[in-house]
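Asks: Provided herewith is a single structure, encoded as structure tokens, for subsequent inquiry.
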Amino acid sequence: MSVVAAIAYVDGKRSRALDLDTPDDLVPREGEFVWIGLLEPTKAELAVLQDRFGLHPLAVEDALHARQMPKVDLYGDQLFVVAKTAQLIEGRIEYGETDIFVGPRHLITVRHGSARAHTDLREHLEATPRLLGHGGDYVLHAVLDFIVDGYLPIVDAIDDEMAEMERRALDNFLSRSEVARIFALRRELMRFRKLLGPMEQVASELEHHDMPCIDAEVKPYFRDVRDHIVRVASLVEGLRDVLTSVFEVSSLLEQQRQGVITRQLAAWAAMLAVPTAIAGIYGMNFEHMPELTWTFGYPLALSVIVGVCLFLYWRFKKTRWL
């Protein structure tokens, strides 16, 4: 059975537990509000709920296959809301889907691919019966806010990873695997950003449009959800800029280090050129060479070589070429 929880409430307080095996008990009684939570339900389980709550067949099909982008659909006096969940698993952002059926006296959540259950959320709402007593519109806001709050740990984790990579980029060359990680994170953030746009649109529609099951006094709560999404989107854009800057800084530092090495090699080559030239001349074995018969000719040649090399080394050192 994929039912996580099925509870009927009266004035925000638990009234009774529901059982899908007894469909007749699923219909809300006088003054009751029903909240049912499902995890990857079967077609038969959704069919039971479709029959008892009058769910639209197209919405039920979407909830069964879970391949939708965030959206809000209106079917008579009921709403069908699709929200995308996200979690960071082994360095990758994995996505799930939560489909929400909202009626005048019921709310049904269908989760796919999300490890974050609504148990804690339900307990939190039950602790404030005054708010839970608003019914499905307030619970809808709470579920969407719960989903959006799950985005922030992803951004924080990637931010921490990028800070560490930025520190390494300043100290050493980035390895091939680190460069590949930068591009992988960039793709992940681009995909994440594409998700946030439709999620923001969902919150905006629930805030501004007149829809069944949404009271005017609850609409400002959806503005709060939209603000959270906008904040996450801004952080994601900032992370993408950081990724670009880390790669650019690494490239500039690598070019600078290569330039230093090139200048060092040129300096050493210049110093070695002098002894090479002098030794080359005396190695040609001509009969008439300068100072060949002089006792101090050989020490003089060596002294000149050493002196010139020391002078060049001092000059290069002074200009910080070495």
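In the structure tokens, chains take the letters A, B, ... in the order shown, each chain's residues start at 1, and ligands count up from 1 in the order shown.
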Can you pull out every residue within 6 Å of Tyr9 in chain A, counting only C-alpha atoms, but drop anything in the same chain fewer than 6 positions away, and send it as a list in words?
Replies: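 Counting only the stated atoms, we get Ser15, Glu32 and Phe33 of chain A.
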Asks: Counting only C-alpha atoms, what is within 10 Å of Arg116 in chain A, bar same-chain residues fewer than 2 positions away, as a PyMOL selection string?
Replies: chain A and resi 85-87+111+113-114+118-120+146-147+150
Asks: May I have the selected residues written with N, CA and C atoms, as a PDB file, in the first residue's frame?
Replies:
ATOM      1  N   THR A  85      10.319  18.469  -7.102  1.00  0.00           N
ATOM      2  CA  THR A  85      11.235  18.385  -5.970  1.00  0.00           C
ATOM      3  C   THR A  85      12.654  18.182  -6.488  1.00  0.00           C
ATOM      4  N   ALA A  86      13.630  18.497  -5.658  1.00  0.00           N
ATOM      5  CA  ALA A  86      15.037  18.345  -6.048  1.00  0.00           C
ATOM      6  C   ALA A  86      15.854  17.996  -4.813  1.00  0.00           C
ATOM      7  N   GLN A  87      16.875  17.172  -5.020  1.00  0.00           N
ATOM      8  CA  GLN A  87      17.793  16.810  -3.944  1.00  0.00           C
ATOM      9  C   GLN A  87      19.150  16.484  -4.550  1.00  0.00           C
ATOM     10  N   ARG A 111       3.475  11.717  -4.391  1.00  0.00           N
ATOM     11  CA  ARG A 111       4.912  11.948  -4.516  1.00  0.00           C
ATOM     12  C   ARG A 111       5.559  10.885  -5.401  1.00  0.00           C
ATOM     13  N   GLY A 113       9.647   9.949  -6.617  1.00  0.00           N
ATOM     14  CA  GLY A 113      11.080  10.210  -6.631  1.00  0.00           C
ATOM     15  C   GLY A 113      11.570  11.217  -5.615  1.00  0.00           C
ATOM     16  N   SER A 114      10.865  11.402  -4.534  1.00  0.00           N
ATOM     17  CA  SER A 114      11.288  12.334  -3.490  1.00  0.00           C
ATOM     18  C   SER A 114      11.460  11.586  -2.181  1.00  0.00           C
ATOM     19  N   HIS A 118       6.237  14.015   3.853  1.00  0.00           N
ATOM     20  CA  HIS A 118       5.491  15.136   4.423  1.00  0.00           C
ATOM     21  C   HIS A 118       5.091  14.884   5.870  1.00  0.00           C
ATOM     22  N   THR A 119       5.677  13.869   6.494  1.00  0.00           N
ATOM     23  CA  THR A 119       5.300  13.518   7.865  1.00  0.00           C
ATOM     24  C   THR A 119       5.567  14.661   8.828  1.00  0.00           C
ATOM     25  N   ASP A 120       6.775  15.208   8.771  1.00  0.00           N
ATOM     26  CA  ASP A 120       7.105  16.322   9.666  1.00  0.00           C
ATOM     27  C   ASP A 120       6.235  17.538   9.373  1.00  0.00           C
ATOM     28  N   PHE A 146       7.269  23.746   1.586  1.00  0.00           N
ATOM     29  CA  PHE A 146       8.125  22.640   2.008  1.00  0.00           C
ATOM     30  C   PHE A 146       9.023  22.184   0.858  1.00  0.00           C
ATOM     31  N   ILE A 147       8.467  22.110  -0.343  1.00  0.00           N
ATOM     32  CA  ILE A 147       9.244  21.688  -1.517  1.00  0.00           C
ATOM     33  C   ILE A 147      10.321  22.712  -1.852  1.00  0.00           C
ATOM     34  N   GLY A 150      13.406  22.812   0.224  1.00  0.00           N
ATOM     35  CA  GLY A 150      14.374  21.766  -0.096  1.00  0.00           C
ATOM     36  C   GLY A 150      15.386  22.170  -1.148  1.00  0.00           C
TER      37      GLY A 150
END
Asks: Please run DSSP on the backbone and report, as a PyMOL selection string, all residues within range 17-199 of chain A that come out as strand (DSSP E or B).
Replies: chain A and resi 17+32-39+71-75+78-89+92-102+106-112
Asks: So that I can see what lies close to Ala184 in chain A, please list as number ranges by chain the residues with an atom at most 10 Å from it, counting only C-alpha atoms and leaving out residues fewer than 6 positions away in the same chain.
Replies: A: 91-92, 178, 190
Asks: Let me make sure I understand: among A:Phe316, A:Trp35, A:Asp73, A:Gly307, which one has the smallest atom-to-atom distance to Trp268 in chain A if we use only C-alpha atoms?
Replies: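 Comparing A:Phe316, A:Trp35, A:Asp73, A:Gly307 against Trp268 in chain A, the winner is A:Phe316.
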Asks: Return the single residue from A:Leu195, A:Val242, A:Ile229, A:Val60 that is closest to Asp160 in chain A, with distances computed using only C-alpha atoms.
Replies: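 Result for the nearest residue to Asp160 in chain A: A:Val242.
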Asks: CA of Asp137 in chain A and CA of Ile214 in chain A are how many Å apart?
Replies: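 Atom-to-atom, CA of Asp137 in chain A and CA of Ile214 in chain A are spaced 5.2 Å apart.
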